[in-house]
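target.cif follows (mmCIF, C-alpha atoms):
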```
data_start
#
loop_
_atom_site.label_atom_id
_atom_site.label_comp_id
_atom_site.auth_asym_id
_atom_site.auth_seq_id
_atom_site.Cartn_x
_atom_site.Cartn_y
_atom_site.Cartn_z
CA MET A 26 158.05 58.59 118.27
CA VAL A 27 158.96 59.36 114.66
CA GLY A 28 159.24 63.06 113.89
CA ALA A 29 157.23 64.98 111.32
CA ASP A 30 160.07 64.54 108.84
CA GLY A 31 159.79 60.76 109.11
CA LYS A 32 163.09 60.45 110.97
CA PRO A 33 163.54 58.78 114.37
CA SER A 34 163.01 61.04 117.37
CA LEU A 35 165.86 62.04 119.66
CA ALA A 36 164.64 59.53 122.25
CA GLN A 37 164.66 56.75 119.64
CA ARG A 38 168.15 57.67 118.49
CA ARG A 39 169.43 57.66 122.08
CA ARG A 40 167.79 54.29 122.73
CA ALA A 41 169.33 52.82 119.58
CA SER A 42 172.72 54.24 120.50
CA LEU A 43 172.55 52.75 124.00
CA ARG A 44 171.48 49.36 122.66
CA LEU A 45 174.40 49.36 120.22
CA GLU A 46 176.80 50.32 123.02
CA ILE A 47 175.46 47.46 125.12
CA ALA A 48 175.94 45.10 122.17
CA GLY A 49 179.55 46.21 121.74
CA GLU A 50 180.40 45.64 125.40
CA ALA A 51 178.62 42.28 125.39
CA VAL A 52 180.69 41.10 122.41
CA ARG A 53 183.90 42.36 124.02
CA LEU A 54 183.17 40.48 127.24
CA PHE A 55 181.93 37.35 125.47
CA THR A 56 185.12 37.30 123.39
CA SER A 57 187.48 37.84 126.31
CA GLN A 58 185.90 35.63 128.96
CA GLY A 59 183.30 33.50 127.18
CA VAL A 60 179.54 33.68 127.13
CA THR A 61 179.13 31.39 130.14
CA GLY A 62 181.68 33.38 132.12
CA THR A 63 179.92 36.69 131.50
CA THR A 64 176.91 37.95 133.43
CA GLY A 65 174.35 40.55 132.50
CA GLU A 66 175.46 42.57 135.51
CA GLU A 67 179.02 42.71 134.12
CA ILE A 68 177.73 43.96 130.79
CA ALA A 69 175.69 46.64 132.55
CA ARG A 70 178.70 47.78 134.59
CA ALA A 71 180.87 47.97 131.47
CA VAL A 72 178.32 50.27 129.85
CA GLY A 73 177.79 52.30 133.02
CA ILE A 74 174.12 51.49 133.49
CA SER A 75 172.14 49.56 136.08
CA SER A 76 171.22 45.93 135.63
CA ARG A 77 167.58 46.99 135.74
CA THR A 78 168.13 49.27 132.73
CA LEU A 79 169.90 46.47 130.85
CA TRP A 80 167.02 44.07 131.40
CA ARG A 81 164.54 46.70 130.21
CA HIS A 82 166.27 46.59 126.84
CA PHE A 83 167.11 42.88 126.57
CA PRO A 84 165.50 39.72 127.99
CA THR A 85 168.78 37.73 128.18
CA LYS A 86 172.49 38.47 128.15
CA GLU A 87 172.88 36.74 124.78
CA SER A 88 170.17 38.90 123.19
CA CYS A 89 172.30 41.96 123.99
CA VAL A 90 174.24 41.33 120.75
CA LEU A 91 171.15 41.56 118.52
CA PRO A 92 171.58 45.28 117.63
CA MET A 93 175.07 44.62 116.28
CA LEU A 94 173.91 41.74 114.10
CA SER A 95 170.85 43.69 112.97
CA ALA A 96 173.00 46.71 112.06
CA GLY A 97 175.11 44.57 109.75
CA LEU A 98 172.03 43.15 108.09
CA GLN A 99 170.46 46.59 107.78
CA PHE A 100 173.55 47.78 105.94
CA ALA A 101 173.15 44.91 103.46
CA VAL A 102 169.46 45.73 102.98
CA ASP A 103 170.28 49.42 102.47
CA GLN A 104 172.80 48.44 99.80
CA LEU A 105 170.23 46.26 98.04
CA ALA A 106 167.80 49.18 98.03
CA ALA A 107 170.23 50.92 95.64
CA TRP A 108 170.28 47.93 93.24
CA PRO A 109 169.55 49.46 89.78
CA SER A 110 166.86 48.00 87.57
CA GLY A 111 168.23 46.16 84.57
CA MET A 112 171.26 44.91 86.49
CA THR A 113 171.60 41.39 87.83
CA LEU A 114 172.19 40.96 91.54
CA ALA A 115 175.53 39.29 90.84
CA ASP A 116 176.70 42.25 88.76
CA PHE A 117 175.51 44.68 91.43
CA VAL A 118 177.41 42.86 94.20
CA THR A 119 180.52 42.71 92.00
CA ARG A 120 180.35 46.45 91.34
CA ALA A 121 179.81 47.22 95.02
CA GLY A 122 182.86 45.17 95.98
CA ARG A 123 185.11 46.83 93.42
CA SER A 124 183.89 50.37 94.05
CA GLY A 125 184.64 50.32 97.76
CA THR A 126 180.95 50.62 98.65
CA LEU A 127 181.35 47.66 101.00
CA PRO A 128 183.57 48.59 103.95
CA PRO A 129 185.86 46.14 105.77
CA ALA A 130 183.88 44.19 108.33
CA ALA A 131 184.34 45.31 111.94
CA PRO A 132 186.46 42.79 113.90
CA ALA A 133 183.86 42.71 116.70
CA ILE A 134 181.14 41.62 114.28
CA LEU A 135 183.37 38.91 112.83
CA ASP A 136 184.19 37.67 116.34
CA LEU A 137 180.48 37.59 117.10
CA ILE A 138 179.55 35.70 113.93
CA ARG A 139 182.25 33.13 114.64
CA MET A 140 180.89 32.65 118.17
CA THR A 141 177.43 31.89 116.77
CA SER A 142 178.78 28.60 115.43
CA THR A 143 179.74 27.35 118.91
CA GLU A 144 177.29 29.12 121.22
CA PRO A 145 173.69 27.88 120.71
CA ALA A 146 172.14 30.90 122.46
CA LEU A 147 174.07 33.31 120.23
CA ARG A 148 173.14 31.18 117.22
CA ALA A 149 169.49 31.70 118.09
CA VAL A 150 170.02 35.48 118.17
CA TRP A 151 171.82 35.35 114.79
CA LEU A 152 168.94 33.43 113.26
CA GLN A 153 166.46 35.86 114.84
CA ALA A 154 168.26 38.78 113.17
CA HIS A 155 167.85 37.10 109.80
CA ASP A 156 164.25 36.18 110.52
CA ASP A 157 163.56 39.85 111.34
CA ALA A 158 165.19 40.88 108.04
CA LEU A 159 163.12 38.48 105.93
CA PRO A 160 159.95 40.61 105.53
CA VAL A 161 162.10 43.66 104.81
CA LEU A 162 163.83 41.79 101.99
CA ALA A 163 160.48 40.55 100.70
CA GLU A 164 159.15 44.13 100.55
CA LEU A 165 162.29 45.27 98.73
CA LEU A 166 162.04 42.50 96.13
CA ALA A 167 158.30 43.08 95.74
CA ARG A 168 158.84 46.77 94.96
CA ARG A 169 161.50 45.84 92.44
CA SER A 170 159.32 43.26 90.67
CA GLY A 171 156.02 45.07 91.02
CA GLY A 172 154.60 42.05 92.80
CA SER A 173 153.42 41.43 96.34
CA ALA A 174 155.56 40.66 99.38
CA ASP A 175 152.95 38.05 100.30
CA ASP A 176 153.40 36.06 97.08
CA LEU A 177 155.05 32.69 97.62
CA ARG A 178 157.51 33.36 94.80
CA THR A 179 158.63 36.62 96.43
CA LYS A 180 158.92 34.94 99.82
CA VAL A 181 161.10 32.19 98.36
CA HIS A 182 163.33 34.72 96.60
CA ALA A 183 163.66 36.75 99.81
CA ALA A 184 164.51 33.60 101.78
CA THR A 185 167.12 32.69 99.14
CA VAL A 186 168.82 36.08 99.34
CA ASN A 187 168.58 36.02 103.13
CA GLY A 188 170.15 32.58 103.33
CA ALA A 189 172.90 33.58 100.91
CA LEU A 190 173.75 36.64 103.01
CA ARG A 191 173.92 34.56 106.17
CA ALA A 192 176.06 31.82 104.63
CA ALA A 193 178.36 34.42 103.04
CA ALA A 194 178.80 36.28 106.34
CA GLU A 195 179.68 33.06 108.15
CA GLU A 196 182.08 32.01 105.40
CA PHE A 197 183.81 35.39 105.43
CA ALA A 198 184.06 35.47 109.24
CA HIS A 199 185.75 32.06 109.37
CA ARG A 200 187.85 32.34 106.22
CA TYR A 201 189.36 35.69 107.13
CA ALA A 202 189.62 35.21 110.89
CA ASP A 203 193.36 35.90 110.79
CA ASP A 204 193.29 38.55 108.07
CA PRO A 205 192.17 41.91 109.50
CA ALA A 206 193.03 43.55 106.16
CA ALA A 207 190.27 41.68 104.32
CA SER A 208 188.19 44.24 102.48
CA GLY A 209 184.78 44.74 100.97
CA GLU A 210 186.00 42.99 97.82
CA GLU A 211 186.51 39.77 99.78
CA ILE A 212 183.06 40.20 101.36
CA ALA A 213 181.56 40.62 97.88
CA ALA A 214 183.36 37.47 96.69
CA CYS A 215 181.76 35.43 99.49
CA VAL A 216 178.32 36.88 98.72
CA LEU A 217 178.76 36.11 95.01
CA ALA A 218 179.79 32.52 95.72
CA ALA A 219 176.70 32.06 97.91
CA LEU A 220 174.41 33.62 95.29
CA ARG A 221 175.84 31.42 92.54
CA ALA A 222 175.25 28.33 94.67
CA ALA A 223 171.65 29.45 95.19
CA ALA A 224 171.19 30.15 91.47
CA GLU A 225 172.35 26.64 90.57
CA GLY A 226 169.23 25.28 92.20
CA LEU A 227 168.81 22.01 94.04
CA PRO A 228 171.13 19.19 92.92
CA TYR A 229 168.21 16.76 92.63
#
```

Kindly present the structure from the file in structure tokens form.
Amino acid sequence: MVGADGKPSLAQRRRASLRLEIAGEAVRLFTSQGVTGTTGEEIARAVGISSRTLWRHFPTKESCVLPMLSAGLQFAVDQLAAWPSGMTLADFVTRAGRSGTLPPAAPAILDLIRMTSTEPALRAVWLQAHDDALPVLAELLARRSGGSADDLRTKVHAATVNGALRAAAEEFAHRYADDPAASGEEIAACVLAALRAAAEGLPY
């Protein structure tokens, strides 16, 4: 339950923390021994919980990584919530990259994003994370424009931003696979490139 102050309850925070710990161990095992070579029971043992507890939180072993992907997207949404009126999105992303607001991406998340391009089940989880973020982005853009999140125009804009974030994350993960020093400025550059491509419109 949410407390009177509007913040998550202790039980919710513990559940979220456990789910994120499970996600971290799942990525570690998937990276070291492959998705096929990893069982849900191994993930549970690595976390120190029973298999029954694991399956109460996640329906499949691949879905265990969802909290990590969702956390990265939530960070992006939280950043967009601070987007000042009167400033273009491109200028806002540029400023965020230069100011150090965007931290270096965690290696585990980059490993996970790279795996989504070769593991169909993980790809489905990655796309689910973005699908879950879509209405949140629509609400954010609606508040900014004074319109409705149900308007087709708002939905298209939200889908455009969502798609740009996904493409930028994948580009960054693959481009800087061997560069652990890549910073928020490089992340911002990938996001900007994706946004510019979206702003150009369809080529026909």

Check your understanding: With only C-alpha atoms as the atoms that count, which of A:Ala158, A:Val72, A:Ile138, A:Ala193 lies nearest to Lys180 in chain A?
Key ->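 Distance minimum relative to Lys180 in chain A lands on A:Ala158.
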
Check your understanding: From the list A:Gly172, A:Val60, A:Asp157, A:Ala213, which residue is nearest Gln104 in chain A when using all atoms listed in the file?
Key ->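 Closest to Gln104 in chain A, using all atoms listed in the file: A:Ala213.
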
Check what the PyMOL selection byres ((chain A and resi 97) around 12) selects in the file above and give those residues as a PDB file with C-alpha atoms, in the frame of the given file.
```
ATOM      1  CA  LEU A  45     174.400  49.360 120.220  1.00  0.00           C
ATOM      2  CA  VAL A  90     174.240  41.330 120.750  1.00  0.00           C
ATOM      3  CA  LEU A  91     171.150  41.560 118.520  1.00  0.00           C
ATOM      4  CA  PRO A  92     171.580  45.280 117.630  1.00  0.00           C
ATOM      5  CA  MET A  93     175.070  44.620 116.280  1.00  0.00           C
ATOM      6  CA  LEU A  94     173.910  41.740 114.100  1.00  0.00           C
ATOM      7  CA  SER A  95     170.850  43.690 112.970  1.00  0.00           C
ATOM      8  CA  ALA A  96     173.000  46.710 112.060  1.00  0.00           C
ATOM      9  CA  LEU A  98     172.030  43.150 108.090  1.00  0.00           C
ATOM     10  CA  GLN A  99     170.460  46.590 107.780  1.00  0.00           C
ATOM     11  CA  PHE A 100     173.550  47.780 105.940  1.00  0.00           C
ATOM     12  CA  ALA A 101     173.150  44.910 103.460  1.00  0.00           C
ATOM     13  CA  VAL A 102     169.460  45.730 102.980  1.00  0.00           C
ATOM     14  CA  ASP A 103     170.280  49.420 102.470  1.00  0.00           C
ATOM     15  CA  GLN A 104     172.800  48.440  99.800  1.00  0.00           C
ATOM     16  CA  LEU A 127     181.350  47.660 101.000  1.00  0.00           C
ATOM     17  CA  PRO A 128     183.570  48.590 103.950  1.00  0.00           C
ATOM     18  CA  PRO A 129     185.860  46.140 105.770  1.00  0.00           C
ATOM     19  CA  ALA A 130     183.880  44.190 108.330  1.00  0.00           C
ATOM     20  CA  ALA A 131     184.340  45.310 111.940  1.00  0.00           C
ATOM     21  CA  ALA A 133     183.860  42.710 116.700  1.00  0.00           C
ATOM     22  CA  ILE A 134     181.140  41.620 114.280  1.00  0.00           C
ATOM     23  CA  LEU A 135     183.370  38.910 112.830  1.00  0.00           C
ATOM     24  CA  LEU A 137     180.480  37.590 117.100  1.00  0.00           C
ATOM     25  CA  ILE A 138     179.550  35.700 113.930  1.00  0.00           C
ATOM     26  CA  TRP A 151     171.820  35.350 114.790  1.00  0.00           C
ATOM     27  CA  ALA A 154     168.260  38.780 113.170  1.00  0.00           C
ATOM     28  CA  HIS A 155     167.850  37.100 109.800  1.00  0.00           C
ATOM     29  CA  ALA A 158     165.190  40.880 108.040  1.00  0.00           C
ATOM     30  CA  LEU A 190     173.750  36.640 103.010  1.00  0.00           C
ATOM     31  CA  ARG A 191     173.920  34.560 106.170  1.00  0.00           C
ATOM     32  CA  ALA A 194     178.800  36.280 106.340  1.00  0.00           C
TER      33      ALA A 194
END
```

Check your understanding: For this file, the PyMOL selection byres ((chain A and resi 146) around 12) selects which residues, as a ChimeraX atom specification?
Key -> /A:60-61,85-91,137,140-145,147-153

**Study point:** Nearest candidate to Glu211 in chain A (options A:Arg123, A:Glu195, A:Ala224, A:Lys32; using only C-alpha atoms)
**Key:**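 So, comparing all the options, the nearest one is A:Arg123.
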
Practice item. Please write as a PyMOL selection string the full residue list that the PyMOL selection byres ((chain A and resi 187) around 9) yields on this file. Key: chain A and resi 155-156+158-159+162+182-186+188-192

Point to revise | Option closest in space to Phe197 in chain A, from A:Arg168, A:Arg139, A:His82, A:Arg70 [counting only C-alpha atoms] | key: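 Closest to Phe197 in chain A of all the choices is A:Arg139.
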
Review point. Do you have the CA of Ser42 in chain A-CA of Thr56 in chain A distance handy?
Key: 21.2 Å

Check your understanding: Just how far from CA of Leu217 in chain A is CA of Ala115 in chain A, in Å to one decimal?
Key ->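 Computed distance, CA of Ala115 in chain A to CA of Leu217 in chain A, equals 6.2 Å.
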
Exercise for review: Could you check which of A:Arg81, A:Tyr201, A:Arg169, A:Asp136 is closest to Arg44 in chain A, using only C-alpha atoms?
Suggested key: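 Comparing A:Arg81, A:Tyr201, A:Arg169, A:Asp136 against Arg44 in chain A, the winner is A:Arg81.
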